[in-house]
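The file run.txt comes next; it holds compact mmCIF, C-alpha atoms and all ligand atoms.
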# COMPACT_ATOMS: atom_id res chain seq x y z
CA MET K 1449 82.49 113.63 100.54
CA THR K 1450 83.13 115.05 97.07
CA ILE K 1451 84.86 118.38 97.29
CA VAL K 1452 82.88 120.88 95.26
CA PRO K 1453 84.69 124.00 94.14
CA ALA K 1454 83.29 126.67 96.41
CA THR K 1455 83.04 130.40 95.90
CA TYR K 1456 85.76 131.05 98.46
CA TYR K 1457 88.37 129.60 96.13
CA ASN K 1458 90.27 132.26 94.25
CA ALA K 1459 90.06 132.45 90.47
CA SER K 1460 93.15 130.30 89.87
CA GLU K 1461 91.90 127.64 92.26
CA GLN K 1462 88.50 127.55 90.56
CA LYS K 1463 90.18 127.20 87.20
CA ILE K 1464 92.30 124.30 88.50
CA TRP K 1465 89.26 122.51 89.90
CA SER K 1466 87.57 122.73 86.52
CA LEU K 1467 90.75 121.51 84.77
CA LEU K 1468 90.91 118.54 87.15
CA GLU K 1469 87.50 117.50 85.80
CA THR K 1470 89.35 116.52 82.63
CA VAL K 1471 92.00 114.34 84.32
CA CYS K 1472 90.98 110.69 84.14
CA ASP K 1473 92.06 107.56 85.96
CA PRO K 1474 94.30 105.65 83.51
CA GLU K 1475 92.82 102.29 84.56
CA VAL K 1476 89.16 103.34 84.63
CA PRO K 1477 89.22 106.09 82.00
CA VAL K 1478 85.55 107.03 82.37
CA LEU K 1479 86.24 108.34 85.87
CA THR K 1480 87.89 111.68 86.51
CA VAL K 1481 90.05 112.18 89.57
CA LEU K 1482 87.17 114.23 91.03
CA ASP K 1483 84.67 111.40 90.39
CA LEU K 1484 87.02 109.07 92.27
CA GLY K 1485 87.26 111.48 95.19
CA ILE K 1486 91.05 111.30 95.38
CA VAL K 1487 91.73 115.05 95.18
CA ARG K 1488 91.76 116.29 98.77
CA ALA K 1489 92.79 119.92 98.36
CA VAL K 1490 93.88 122.56 95.87
CA SER K 1491 95.64 125.73 96.91
CA VAL K 1492 97.30 128.46 94.89
CA ASP K 1493 99.78 130.93 96.32
CA GLU K 1494 99.41 133.95 94.05
CA SER K 1495 102.17 135.91 95.75
CA SER K 1496 104.90 133.97 93.92
CA THR K 1497 105.66 134.15 90.19
CA PRO K 1498 104.66 131.93 88.55
CA VAL K 1499 101.86 131.18 91.01
CA ALA K 1500 102.62 128.17 93.24
CA VAL K 1501 100.04 125.40 92.95
CA THR K 1502 99.72 122.69 95.61
CA ILE K 1503 97.44 119.75 94.93
CA THR K 1504 96.88 117.09 97.56
CA ILE K 1505 95.81 113.63 96.40
CA THR K 1506 95.23 110.36 98.23
CA PRO K 1507 95.65 106.83 96.79
CA THR K 1508 92.75 104.40 96.56
CA TYR K 1509 95.08 101.52 97.54
CA SER K 1510 98.66 101.70 98.91
CA GLY K 1511 100.04 99.95 95.84
CA CYS K 1512 97.86 101.68 93.25
CA PRO K 1513 100.25 101.99 90.28
CA ALA K 1514 98.01 104.66 88.75
CA MET K 1515 99.02 107.31 91.29
CA ASP K 1516 102.28 108.25 89.56
CA VAL K 1517 100.50 108.42 86.20
CA ILE K 1518 97.71 110.53 87.70
CA ALA K 1519 100.21 112.96 89.21
CA MET K 1520 101.90 113.25 85.81
CA SER K 1521 98.55 113.71 84.03
CA ILE K 1522 97.63 116.54 86.38
CA ARG K 1523 100.91 118.28 85.54
CA MET K 1524 100.37 117.77 81.81
CA VAL K 1525 96.87 119.29 82.00
CA LEU K 1526 97.87 122.28 84.13
CA LEU K 1527 101.16 123.13 82.41
CA PRO K 1528 99.74 124.49 79.11
CA GLU K 1529 97.10 126.44 81.10
CA GLY K 1530 99.79 128.59 82.69
CA PHE K 1531 100.58 126.61 85.84
CA PRO K 1532 104.20 125.40 85.54
CA ASN K 1533 104.90 125.59 89.29
CA ILE K 1534 103.05 122.56 90.69
CA ASP K 1535 103.62 120.58 93.86
CA ILE K 1536 101.61 117.37 94.15
CA LYS K 1537 101.44 116.02 97.68
CA GLN K 1538 100.19 112.58 98.63
CA VAL K 1539 98.37 112.08 101.94
CA LEU K 1540 97.13 108.77 103.36
CA SER K 1541 95.00 110.03 106.20
CA PRO K 1542 92.06 109.95 106.35
CA ALA K 1543 92.18 106.80 104.23
CA TRP K 1544 90.25 106.91 100.94
CA THR K 1545 86.91 105.14 100.87
CA THR K 1546 84.51 104.36 98.04
CA ASP K 1547 82.03 106.64 99.86
CA TRP K 1548 83.99 109.52 98.36
CA MET K 1549 83.11 108.51 94.81
CA SER K 1550 80.67 110.94 93.24
CA GLU K 1551 77.15 109.96 92.19
CA ALA K 1552 78.05 110.91 88.61
CA GLY K 1553 81.06 108.61 88.88
CA ARG K 1554 78.88 105.69 89.96
CA GLN K 1555 76.57 106.17 86.99
CA LYS K 1556 79.50 106.44 84.57
CA LEU K 1557 80.94 103.18 85.94
CA MET K 1558 77.64 101.34 85.41
CA ALA K 1559 77.37 102.63 81.84
CA TYR K 1560 81.00 101.59 81.22
CA GLY K 1561 80.24 98.00 82.32
CA ILE K 1562 81.73 98.08 85.83
CA ALA K 1563 79.34 97.60 88.73
CA PRO K 1564 79.71 100.61 91.05
CA PRO K 1565 80.37 100.18 94.79
CA ASN K 1566 77.29 99.31 96.79
CA PRO K 1567 75.64 102.45 98.17
CA ARG K 1568 75.30 100.65 101.49
CA GLN K 1569 78.97 100.62 102.49
CA SER K 1570 79.92 97.03 103.29
CA VAL K 1571 83.61 97.01 104.07
CA CYS K 1572 85.60 93.78 104.10
CA THR K 1573 85.88 92.07 107.48
CA PRO K 1574 88.12 89.10 108.31
CA ASP K 1575 85.07 86.83 108.71
CA ARG K 1576 85.58 83.70 106.67
CA PHE K 1577 83.22 82.55 103.90
CA GLN K 1578 80.94 85.55 104.29
CA GLU K 1579 77.76 85.73 102.32
CA GLU K 1580 78.52 87.76 99.21
CA GLU K 1581 77.06 91.18 98.61
CA ALA K 1582 74.27 91.26 96.07
CA ILE K 1583 75.70 93.04 93.04
CA GLN K 1584 73.71 94.09 90.00
CA CYS K 1585 74.97 93.04 86.56
CA PRO K 1586 75.96 96.22 84.66
CA GLN K 1587 74.99 94.56 81.33
CA CYS K 1588 71.48 93.14 81.88
CA HIS K 1589 70.78 94.59 85.37
CA SER K 1590 70.01 91.18 86.84
CA TRP K 1591 70.71 90.69 90.55
CA HIS K 1592 71.33 86.99 89.90
CA THR K 1593 75.14 87.24 90.03
CA THR K 1594 77.98 85.36 91.73
CA MET K 1595 81.39 86.47 92.96
CA VAL K 1596 84.26 84.71 91.19
CA SER K 1597 87.09 86.36 93.15
CA GLN K 1598 87.57 89.12 95.71
CA PHE K 1599 90.51 90.26 93.58
CA GLY K 1600 90.06 91.53 90.04
CA SER K 1601 91.91 93.21 87.20
CA THR K 1602 93.03 96.07 89.47
CA ALA K 1603 93.35 96.45 93.25
CA CYS K 1604 90.03 98.28 93.49
CA LYS K 1605 87.90 95.63 91.76
CA ALA K 1606 86.42 92.19 92.42
CA LEU K 1607 85.42 89.74 89.71
CA TYR K 1608 81.78 88.66 89.27
CA LYS K 1609 79.74 86.76 86.74
CA CYS K 1610 76.11 87.14 85.79
CA GLU K 1611 74.03 83.96 85.98
CA ASP K 1612 71.43 85.36 83.56
CA CYS K 1613 73.35 86.93 80.68
CA LYS K 1614 76.46 84.83 81.53
CA GLU K 1615 78.79 87.81 81.16
CA PRO K 1616 81.69 88.21 83.57
CA PHE K 1617 82.05 91.73 84.97
CA ASP K 1618 84.17 93.84 87.32
CA TYR K 1619 82.76 95.20 90.56
CA PHE K 1620 84.34 98.32 92.02
CA LYS K 1621 84.38 96.92 95.53
CA CYS K 1622 83.60 98.84 98.72
CA HIS K 1623 86.71 99.96 100.53
CA MET X 62 121.39 112.45 122.45
CA GLN X 63 117.98 111.18 123.58
CA ALA X 64 116.38 112.61 120.46
CA SER X 65 118.85 110.90 118.12
CA THR X 66 118.41 107.55 119.89
CA ASN X 67 114.66 107.89 119.37
CA LEU X 68 115.16 108.75 115.73
CA ILE X 69 117.31 105.64 115.23
CA SER X 70 114.65 103.47 116.86
CA THR X 71 111.89 105.04 114.77
CA THR X 72 113.72 104.52 111.49
CA ASP X 73 114.69 100.98 112.55
CA PHE X 74 111.03 100.23 113.23
CA LEU X 75 109.88 101.79 109.95
CA LEU X 76 112.51 99.80 108.04
CA HIS X 77 111.38 96.64 109.81
CA LEU X 78 107.77 97.25 108.70
CA ALA X 79 108.90 98.20 105.20
CA ASP X 80 111.23 95.21 104.79
CA ASN X 81 108.51 92.82 105.99
CA ALA X 82 106.12 94.19 103.37
CA LEU X 83 108.71 94.34 100.58
CA ILE X 84 110.00 90.80 101.02
CA MET X 85 106.47 89.38 101.40
CA GLY X 86 105.44 91.32 98.31
CA HIS X 87 108.43 90.01 96.37
CA ARG X 88 107.75 86.40 97.35
CA ASN X 89 104.04 86.67 96.48
CA SER X 90 104.89 88.35 93.17
CA GLU X 91 106.89 85.25 92.17
CA TRP X 92 103.49 83.60 91.59
CA CYS X 93 102.54 86.15 88.94
CA GLY X 94 101.94 84.11 85.78
CA HIS X 95 102.32 80.82 87.70
CA GLY X 96 99.17 80.69 89.86
CA PRO X 97 97.14 77.45 89.95
CA VAL X 98 94.21 79.09 88.13
CA LEU X 99 93.89 82.53 86.57
CA GLU X 100 91.66 84.04 89.29
CA GLN X 101 94.04 82.98 92.06
CA ASP X 102 97.05 84.16 90.09
CA ILE X 103 95.35 87.56 89.91
CA ALA X 104 94.51 87.43 93.62
CA ILE X 105 98.04 86.75 94.83
CA SER X 106 99.47 89.30 92.38
CA ASN X 107 97.04 91.90 93.78
CA ILE X 108 98.14 91.02 97.29
CA ALA X 109 101.80 91.34 96.25
CA LEU X 110 101.02 94.80 94.87
CA ASP X 111 99.35 95.85 98.12
CA CYS X 112 102.41 94.68 100.08
CA ILE X 113 104.82 96.58 97.84
CA GLY X 114 102.64 99.70 98.12
CA GLN X 115 102.76 99.43 101.91
CA ALA X 116 106.54 98.99 101.74
CA ARG X 117 106.82 102.15 99.63
CA ASN X 118 104.85 104.17 102.19
CA PHE X 119 107.04 102.99 105.07
CA TYR X 120 110.29 103.49 103.08
CA GLN X 121 109.25 106.98 101.98
CA TYR X 122 108.60 108.01 105.54
CA ALA X 123 111.84 106.44 106.79
CA ALA X 124 113.79 108.19 104.02
CA ARG X 125 112.35 111.56 105.03
CA LEU X 126 113.38 111.02 108.65
CA MET X 127 116.83 109.74 107.69
CA GLY X 128 117.59 112.58 105.27
CA GLU X 129 121.11 112.54 103.79
CA GLY X 130 119.84 111.73 100.32
CA HIS X 131 118.03 108.53 101.24
CA THR X 132 115.03 107.63 99.09
CA GLU X 133 112.57 104.76 98.99
CA ASP X 134 114.69 103.30 96.18
CA SER X 135 118.03 103.58 97.96
CA LEU X 136 116.51 101.90 101.02
CA ALA X 137 115.05 99.02 99.00
CA TYR X 138 117.85 98.56 96.47
CA LEU X 139 121.10 99.62 98.12
CA ARG X 140 121.08 98.11 101.59
CA ASP X 141 122.87 94.84 102.28
CA GLU X 142 121.41 91.70 103.76
CA ARG X 143 122.48 92.44 107.35
CA ALA X 144 120.67 95.79 107.23
CA PHE X 145 117.32 94.16 106.39
CA ARG X 146 115.03 93.76 109.39
CA ASN X 147 112.23 91.59 108.01
CA CYS X 148 111.01 88.54 109.91
CA LEU X 149 112.55 85.28 108.67
CA ILE X 150 109.16 83.83 107.68
CA CYS X 151 108.84 86.48 104.93
CA GLU X 152 112.00 85.40 103.11
CA LEU X 153 111.41 81.62 103.12
CA PRO X 154 110.86 80.18 99.63
CA ASN X 155 107.26 79.94 98.41
CA GLY X 156 107.29 76.15 98.27
CA ASP X 157 103.94 74.96 96.94
CA TRP X 158 100.60 76.77 97.02
CA ALA X 159 99.87 75.38 100.51
CA GLN X 160 103.07 76.82 101.96
CA THR X 161 102.49 80.15 100.20
CA VAL X 162 98.94 80.64 101.48
CA LEU X 163 99.75 79.38 104.99
CA ARG X 164 102.71 81.77 105.27
CA LEU X 165 100.53 84.63 104.00
CA TYR X 166 97.86 83.68 106.53
CA PHE X 167 100.35 83.69 109.44
CA PHE X 168 101.81 86.99 108.28
CA SER X 169 98.48 88.71 107.55
CA THR X 170 97.10 87.72 110.95
CA TYR X 171 100.13 89.34 112.58
CA GLN X 172 99.82 92.47 110.40
CA TYR X 173 96.10 92.67 111.11
CA PHE X 174 96.44 92.76 114.89
CA LEU X 175 99.58 94.93 114.78
CA PHE X 176 98.10 97.56 112.45
CA GLN X 177 94.93 97.70 114.55
CA GLN X 178 97.14 99.08 117.30
CA LEU X 179 99.53 101.08 115.10
CA GLN X 180 96.64 103.06 113.62
CA HIS X 181 96.40 104.79 117.02
CA ASN X 182 100.15 105.52 117.27
CA SER X 183 101.14 108.96 118.56
CA ASP X 184 103.08 109.47 115.30
CA ALA X 185 100.28 110.58 112.95
CA GLU X 186 102.20 109.62 109.80
CA LEU X 187 102.85 106.08 111.02
CA ALA X 188 99.24 105.82 112.22
CA GLY X 189 98.01 106.94 108.80
CA ILE X 190 100.04 104.30 106.93
CA ALA X 191 98.82 101.61 109.33
CA ALA X 192 95.16 102.63 108.99
CA LYS X 193 95.47 102.61 105.20
CA SER X 194 97.25 99.23 105.17
CA LEU X 195 94.79 97.66 107.59
CA LYS X 196 91.97 97.92 105.04
CA GLU X 197 94.06 95.94 102.55
CA VAL X 198 95.37 93.43 105.08
CA THR X 199 91.79 92.57 106.01
CA TYR X 200 91.28 91.24 102.48
CA HIS X 201 94.55 89.29 102.64
CA LEU X 202 93.63 87.75 105.99
CA ARG X 203 90.22 86.68 104.80
CA TRP X 204 91.49 85.25 101.50
CA SER X 205 94.43 83.35 103.02
CA SER X 206 92.44 81.94 105.97
CA GLU X 207 89.81 80.61 103.56
CA TRP X 208 92.55 78.89 101.57
CA VAL X 209 94.04 77.26 104.69
CA ILE X 210 90.60 75.84 105.52
CA ARG X 211 89.93 74.78 101.94
CA LEU X 212 93.22 72.85 101.78
CA GLY X 213 93.12 71.38 105.30
CA ASP X 214 89.52 70.22 104.94
CA GLY X 215 89.93 69.35 101.27
CA THR X 216 91.37 66.29 99.55
CA GLU X 217 93.90 63.83 100.94
CA GLU X 218 96.63 65.50 98.89
CA SER X 219 95.74 69.08 99.84
CA ARG X 220 95.66 68.02 103.48
CA GLN X 221 99.10 66.40 103.24
CA ARG X 222 100.49 69.54 101.64
CA ILE X 223 99.12 71.92 104.26
CA LEU X 224 100.40 69.61 107.03
CA GLN X 225 103.88 69.71 105.49
CA ALA X 226 103.64 73.50 105.21
CA LEU X 227 102.60 73.74 108.86
CA ASP X 228 105.64 71.67 109.91
CA ALA X 229 107.97 73.78 107.80
CA LEU X 230 106.66 77.22 108.80
CA TRP X 231 105.68 76.82 112.44
CA PRO X 232 109.18 77.41 113.95
CA TYR X 233 109.25 80.77 112.16
CA THR X 234 105.97 82.08 113.58
CA GLY X 235 107.22 83.01 117.06
CA GLU X 236 109.44 85.78 115.71
CA LEU X 237 106.38 87.67 114.45
CA TYR X 238 105.09 88.51 117.91
CA THR X 239 108.37 88.39 119.90
CA PRO X 240 109.48 92.04 120.01
CA VAL X 241 113.02 93.42 119.76
CA ALA X 242 114.04 96.75 121.31
CA TYR X 243 113.05 99.12 118.48
CA GLU X 244 109.49 97.80 118.37
CA SER X 245 108.70 99.90 121.44
CA VAL X 246 108.21 102.70 118.88
CA GLY X 247 105.00 100.95 117.83
CA GLU X 248 103.48 101.61 121.29
CA ALA X 249 101.71 98.30 120.76
CA ASP X 250 100.94 95.71 123.39
CA MET X 251 102.83 92.79 121.86
CA ALA X 252 101.57 90.34 124.50
CA SER X 253 97.99 91.01 123.41
CA ILE X 254 99.03 90.63 119.76
CA GLN X 255 100.54 87.24 120.59
CA THR X 256 97.35 86.14 122.33
CA ALA X 257 95.14 87.39 119.49
CA TRP X 258 97.41 85.74 116.89
CA LEU X 259 97.41 82.36 118.66
CA ASP X 260 93.63 82.45 119.19
CA HIS X 261 92.99 83.29 115.55
CA VAL X 262 95.34 80.60 114.26
CA LYS X 263 93.83 78.00 116.58
CA ALA X 264 90.32 78.79 115.32
CA VAL X 265 91.33 78.64 111.64
CA LEU X 266 93.32 75.42 112.07
CA GLU X 267 90.35 73.84 113.85
CA GLU X 268 88.06 74.87 111.03
CA ALA X 269 90.61 73.31 108.68
CA THR X 270 90.44 70.09 110.77
CA LEU X 271 94.11 70.52 111.71
CA SER X 272 95.51 70.55 115.21
CA MET X 273 97.53 73.38 116.68
CA PRO X 274 101.25 72.44 116.84
CA ASP X 275 103.10 72.55 120.16
CA MET X 276 104.80 75.88 120.67
CA GLY X 277 108.31 74.35 120.60
CA TRP X 278 111.54 76.18 119.78
CA MET X 279 111.21 79.28 117.62
CA GLN X 280 113.72 80.71 115.12
CA GLN X 281 114.70 84.34 115.63
CA GLY X 282 117.10 86.76 114.01
CA GLY X 283 115.56 88.45 110.98
CA LYS X 284 114.44 91.51 112.94
CA THR X 285 118.05 92.18 113.94
CA GLY X 286 119.61 91.37 110.56
CA ILE X 287 120.56 87.70 111.04
CA HIS X 288 118.92 86.04 108.04
CA THR X 289 118.53 82.65 106.41
CA GLU X 290 120.49 81.96 103.24
CA HIS X 291 117.35 82.72 101.22
CA LEU X 292 117.37 86.51 101.66
CA GLY X 293 120.69 86.92 99.84
CA TYR X 294 119.22 85.32 96.72
CA ILE X 295 116.14 87.57 96.85
CA LEU X 296 118.29 90.69 97.17
CA ALA X 297 120.65 89.53 94.42
CA GLU X 298 117.68 89.33 92.07
CA MET X 299 115.91 92.45 93.33
CA GLN X 300 118.97 94.71 93.58
CA PHE X 301 121.02 93.56 90.59
CA LEU X 302 119.88 96.26 88.19
CA GLN X 303 120.49 99.18 90.56
CA ARG X 304 123.85 97.75 91.60
CA ALA X 305 124.99 97.16 88.02
CA TYR X 306 123.58 100.41 86.61
CA PRO X 307 123.41 102.87 89.53
CA GLY X 308 120.53 105.32 89.21
CA ALA X 309 119.02 103.54 86.20
CA GLU X 310 115.41 104.49 85.45
CA TRP X 311 112.95 103.26 82.88
ZN ZN K 1701 73.82 90.07 83.24

Spell out the structure here as structure tokens.
Amino acid sequence: MTIVPATYYNASEQKIWSLLETVCDPEVPVLTVLDLGIVRAVSVDESSTPVAVTITITPTYSGCPAMDVIAMSIRMVLLPEGFPNIDIKQVLSPAWTTDWMSEAGRQKLMAYGIAPPNPRQSVCTPDRFQEEEAIQCPQCHSWHTTMVSQFGSTACKALYKCEDCKEPFDYFKCH
Amino acid sequence: MQASTNLISTTDFLLHLADNALIMGHRNSEWCGHGPVLEQDIAISNIALDCIGQARNFYQYAARLMGEGHTEDSLAYLRDERAFRNCLICELPNGDWAQTVLRLYFFSTYQYFLFQQLQHNSDAELAGIAAKSLKEVTYHLRWSSEWVIRLGDGTEESRQRILQALDALWPYTGELYTPVAYESVGEADMASIQTAWLDHVKAVLEEATLSMPDMGWMQQGGKTGIHTEHLGYILAEMQFLQRAYPGAEW
């Protein structure tokens, strides 16, 4: 579901897409906003001066405190590149899902020490005491791991520990 | 005339949803730094953050419909107690861990079944917020129901505590699924929500080796602005800064 800059974007829009590749999530700084899949649309109205940029983003979680910082970071990256007229819109629908995370993003997460979301989307259900998903340790790659808590250091992560190397680690949980 | 009546109902309903989420979020956030163990402190703080995020989405939408300079901040920080439309159960003190997780369980079960219906609302914006929130509420429901079972079917002390919590909270549960006029905006079948809520609670209490209380007399009033004495204290704490230093930012 990653949005790839296509040839039908005008030159300004293509430039903005490539600039967005340098805007990172403040809480998971190895991921760009494009890796996360939270940029839904970019449009540039070249008829106004300076050109009017509209960027549509969607939050990972309703309470994600990073959204305001991300919106500010986007402005800070675009401003010196000649785009002072920026409108950042937030949409909730369709709701973000970890399926929108790029393959590159998943690999960067693993290398950073955060287990990426399972490729087989297993979304939370209200069923009690479910069997945990098998999650691979990002340190030693063992599958012998145990969930400590469904809730981790940020809204998007769960807390696991590895039974082999004994390291605790974050899991970017399916959503 | 008809249009403005509808607008009033819609904003009333949005404020009701927002106030529920804000006050629940505030109560849960009081555990931040005080949880029984670190992992559960993190869990309830995450849940508080989800609730406050949901409140922001509902307030932002209400503020757009209301116009006249309203913002999410003015709606949260500058309305008085009688203007708040949250259910009474949200504003009750946390009590101990048992009372906190049982209240969250009752509330999340209600949100879960309500948002399942709201996500199909004819108002696309409202439907979008509900669909987004539902994904988060599912985690809250699962986490809190597991805690109710763990405490009910746990030690003698944990069982005593959850029984006391059940006694204290039960009279406040009926208000969740008993609609007032503006809830027609939700286009939800409240009778089916009541049935689903009672069935779910019965199953979880059974698994927790607890028996379902008699229905009995239920407290009402929060949805129409008649609150317990507890809400005033919450608002005094939450609103003090904006009241003392209007427009302050940091
Ligand atoms: Zn390991």

Distance filter 9 Å around ligand ZN 1701 (chain K), atoms: all atoms listed in the file, out as a PDB file with C-alpha atoms, keeping the file's coordinate frame:
ATOM      1  CA  GLN K1584      73.710  94.090  90.000  1.00  0.00           C
ATOM      2  CA  CYS K1585      74.970  93.040  86.560  1.00  0.00           C
ATOM      3  CA  PRO K1586      75.960  96.220  84.660  1.00  0.00           C
ATOM      4  CA  GLN K1587      74.990  94.560  81.330  1.00  0.00           C
ATOM      5  CA  CYS K1588      71.480  93.140  81.880  1.00  0.00           C
ATOM      6  CA  HIS K1589      70.780  94.590  85.370  1.00  0.00           C
ATOM      7  CA  SER K1590      70.010  91.180  86.840  1.00  0.00           C
ATOM      8  CA  TRP K1591      70.710  90.690  90.550  1.00  0.00           C
ATOM      9  CA  HIS K1592      71.330  86.990  89.900  1.00  0.00           C
ATOM     10  CA  THR K1593      75.140  87.240  90.030  1.00  0.00           C
ATOM     11  CA  LYS K1609      79.740  86.760  86.740  1.00  0.00           C
ATOM     12  CA  CYS K1610      76.110  87.140  85.790  1.00  0.00           C
ATOM     13  CA  GLU K1611      74.030  83.960  85.980  1.00  0.00           C
ATOM     14  CA  ASP K1612      71.430  85.360  83.560  1.00  0.00           C
ATOM     15  CA  CYS K1613      73.350  86.930  80.680  1.00  0.00           C
ATOM     16  CA  LYS K1614      76.460  84.830  81.530  1.00  0.00           C
ATOM     17  CA  GLU K1615      78.790  87.810  81.160  1.00  0.00           C
ATOM     18  CA  PRO K1616      81.690  88.210  83.570  1.00  0.00           C
ATOM     19  CA  PHE K1617      82.050  91.730  84.970  1.00  0.00           C
TER      20      PHE K1617
END

Which residues of chain X come within 10 Å of chain K, and what is each one's closest atom pair and distance in Å (one decimal), counting all atoms listed in the file, sorted by chain and residue number, as a Markdown table?
| residue | atom | partner | partner_atom | distance |
| --- | --- | --- | --- | --- |
| X:Glu100 | CA | K:Ser1597 | CA | 6.4 |
| X:Gln101 | CA | K:Ser1597 | CA | 7.8 |
| X:Asp102 | CA | K:Phe1599 | CA | 9.6 |
| X:Ile103 | CA | K:Gly1600 | CA | 6.6 |
| X:Ala104 | CA | K:Phe1599 | CA | 4.9 |
| X:Ile105 | CA | K:Phe1599 | CA | 8.4 |
| X:Ser106 | CA | K:Phe1599 | CA | 9.1 |
| X:Asn107 | CA | K:Ala1603 | CA | 5.9 |
| X:Ile108 | CA | K:Ala1603 | CA | 8.3 |
| X:Ala109 | CA | K:Gly1511 | CA | 8.8 |
| X:Leu110 | CA | K:Gly1511 | CA | 5.3 |
| X:Asp111 | CA | K:Gly1511 | CA | 4.7 |
| X:Cys112 | CA | K:Gly1511 | CA | 7.2 |
| X:Ile113 | CA | K:Gly1511 | CA | 6.2 |
| X:Gly114 | CA | K:Gly1511 | CA | 3.5 |
| X:Gln115 | CA | K:Ser1510 | CA | 5.6 |
| X:Ala116 | CA | K:Ser1510 | CA | 8.8 |
| X:Arg117 | CA | K:Gly1511 | CA | 8.1 |
| X:Asn118 | CA | K:Ser1510 | CA | 7.4 |
| X:Thr170 | CA | K:Pro1574 | CA | 9.5 |
| X:Tyr173 | CA | K:Pro1574 | CA | 9.2 |
| X:Ala185 | CA | K:Ser1541 | CA | 8.6 |
| X:Glu186 | CA | K:Ser1541 | CA | 8.1 |
| X:Leu187 | CA | K:Leu1540 | CA | 9.9 |
| X:Ala188 | CA | K:Ser1541 | CA | 8.5 |
| X:Gly189 | CA | K:Ser1541 | CA | 5.0 |
| X:Ile190 | CA | K:Leu1540 | CA | 6.4 |
| X:Ala191 | CA | K:Leu1540 | CA | 9.5 |
| X:Ala192 | CA | K:Ala1543 | CA | 7.0 |
| X:Lys193 | CA | K:Ala1543 | CA | 5.4 |
| X:Ser194 | CA | K:Ser1510 | CA | 6.9 |
| X:Lys196 | CA | K:His1623 | CA | 7.2 |
| X:Glu197 | CA | K:Tyr1509 | CA | 7.6 |
| X:Val198 | CA | K:Pro1574 | CA | 9.0 |
| X:Thr199 | CA | K:Pro1574 | CA | 5.5 |
| X:Tyr200 | CA | K:Cys1572 | CA | 6.4 |
| X:His201 | CA | K:Pro1574 | CA | 8.6 |
| X:Leu202 | CA | K:Pro1574 | CA | 6.1 |
| X:Arg203 | CA | K:Pro1574 | CA | 4.8 |
| X:Trp204 | CA | K:Gln1598 | CA | 8.0 |
| X:Ser205 | CA | K:Arg1576 | CA | 9.6 |
| X:Ser206 | CA | K:Arg1576 | CA | 7.1 |
| X:Glu207 | CA | K:Arg1576 | CA | 6.1 |
| X:Trp208 | CA | K:Arg1576 | CA | 9.9 |
| X:Ile210 | CA | K:Arg1576 | CA | 9.4 |
| X:Val265 | CA | K:Arg1576 | CA | 9.1 |

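Proximity to X:Arg211 at 12 Å, evaluated using all atoms listed in the file and with sequence-adjacent residues fewer than 2 positions away removed, yields Arg1576 and Phe1577 of chain K; Trp158, Ala159, Val162, Leu163, Trp204, Ser205, Ser206, Glu207, Trp208, Val209, Gly213, Asp214, Gly215, Thr216, Glu217, Glu218, Ser219, Arg220, Arg222, Ile223, Val265, Leu266, Glu267, Glu268, Ala269, Thr270 and Leu271 of chain X.
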
Selection from above, C-alpha atoms, as a PDB file, keeping the file's coordinate frame, can you write it?
ATOM      1  CA  ARG K1576      85.580  83.700 106.670  1.00  0.00           C
ATOM      2  CA  PHE K1577      83.220  82.550 103.900  1.00  0.00           C
TER       3      PHE K1577
ATOM      4  CA  TRP X 158     100.600  76.770  97.020  1.00  0.00           C
ATOM      5  CA  ALA X 159      99.870  75.380 100.510  1.00  0.00           C
ATOM      6  CA  VAL X 162      98.940  80.640 101.480  1.00  0.00           C
ATOM      7  CA  LEU X 163      99.750  79.380 104.990  1.00  0.00           C
ATOM      8  CA  TRP X 204      91.490  85.250 101.500  1.00  0.00           C
ATOM      9  CA  SER X 205      94.430  83.350 103.020  1.00  0.00           C
ATOM     10  CA  SER X 206      92.440  81.940 105.970  1.00  0.00           C
ATOM     11  CA  GLU X 207      89.810  80.610 103.560  1.00  0.00           C
ATOM     12  CA  TRP X 208      92.550  78.890 101.570  1.00  0.00           C
ATOM     13  CA  VAL X 209      94.040  77.260 104.690  1.00  0.00           C
ATOM     14  CA  GLY X 213      93.120  71.380 105.300  1.00  0.00           C
ATOM     15  CA  ASP X 214      89.520  70.220 104.940  1.00  0.00           C
ATOM     16  CA  GLY X 215      89.930  69.350 101.270  1.00  0.00           C
ATOM     17  CA  THR X 216      91.370  66.290  99.550  1.00  0.00           C
ATOM     18  CA  GLU X 217      93.900  63.830 100.940  1.00  0.00           C
ATOM     19  CA  GLU X 218      96.630  65.500  98.890  1.00  0.00           C
ATOM     20  CA  SER X 219      95.740  69.080  99.840  1.00  0.00           C
ATOM     21  CA  ARG X 220      95.660  68.020 103.480  1.00  0.00           C
ATOM     22  CA  ARG X 222     100.490  69.540 101.640  1.00  0.00           C
ATOM     23  CA  ILE X 223      99.120  71.920 104.260  1.00  0.00           C
ATOM     24  CA  VAL X 265      91.330  78.640 111.640  1.00  0.00           C
ATOM     25  CA  LEU X 266      93.320  75.420 112.070  1.00  0.00           C
ATOM     26  CA  GLU X 267      90.350  73.840 113.850  1.00  0.00           C
ATOM     27  CA  GLU X 268      88.060  74.870 111.030  1.00  0.00           C
ATOM     28  CA  ALA X 269      90.610  73.310 108.680  1.00  0.00           C
ATOM     29  CA  THR X 270      90.440  70.090 110.770  1.00  0.00           C
ATOM     30  CA  LEU X 271      94.110  70.520 111.710  1.00  0.00           C
TER      31      LEU X 271
END

Nearest to K:Asp1618 by atom-to-atom distance, counting all atoms listed in the file, from K:Met1595, K:Val1487, K:Val1492, K:Ala1563:
K:Ala1563
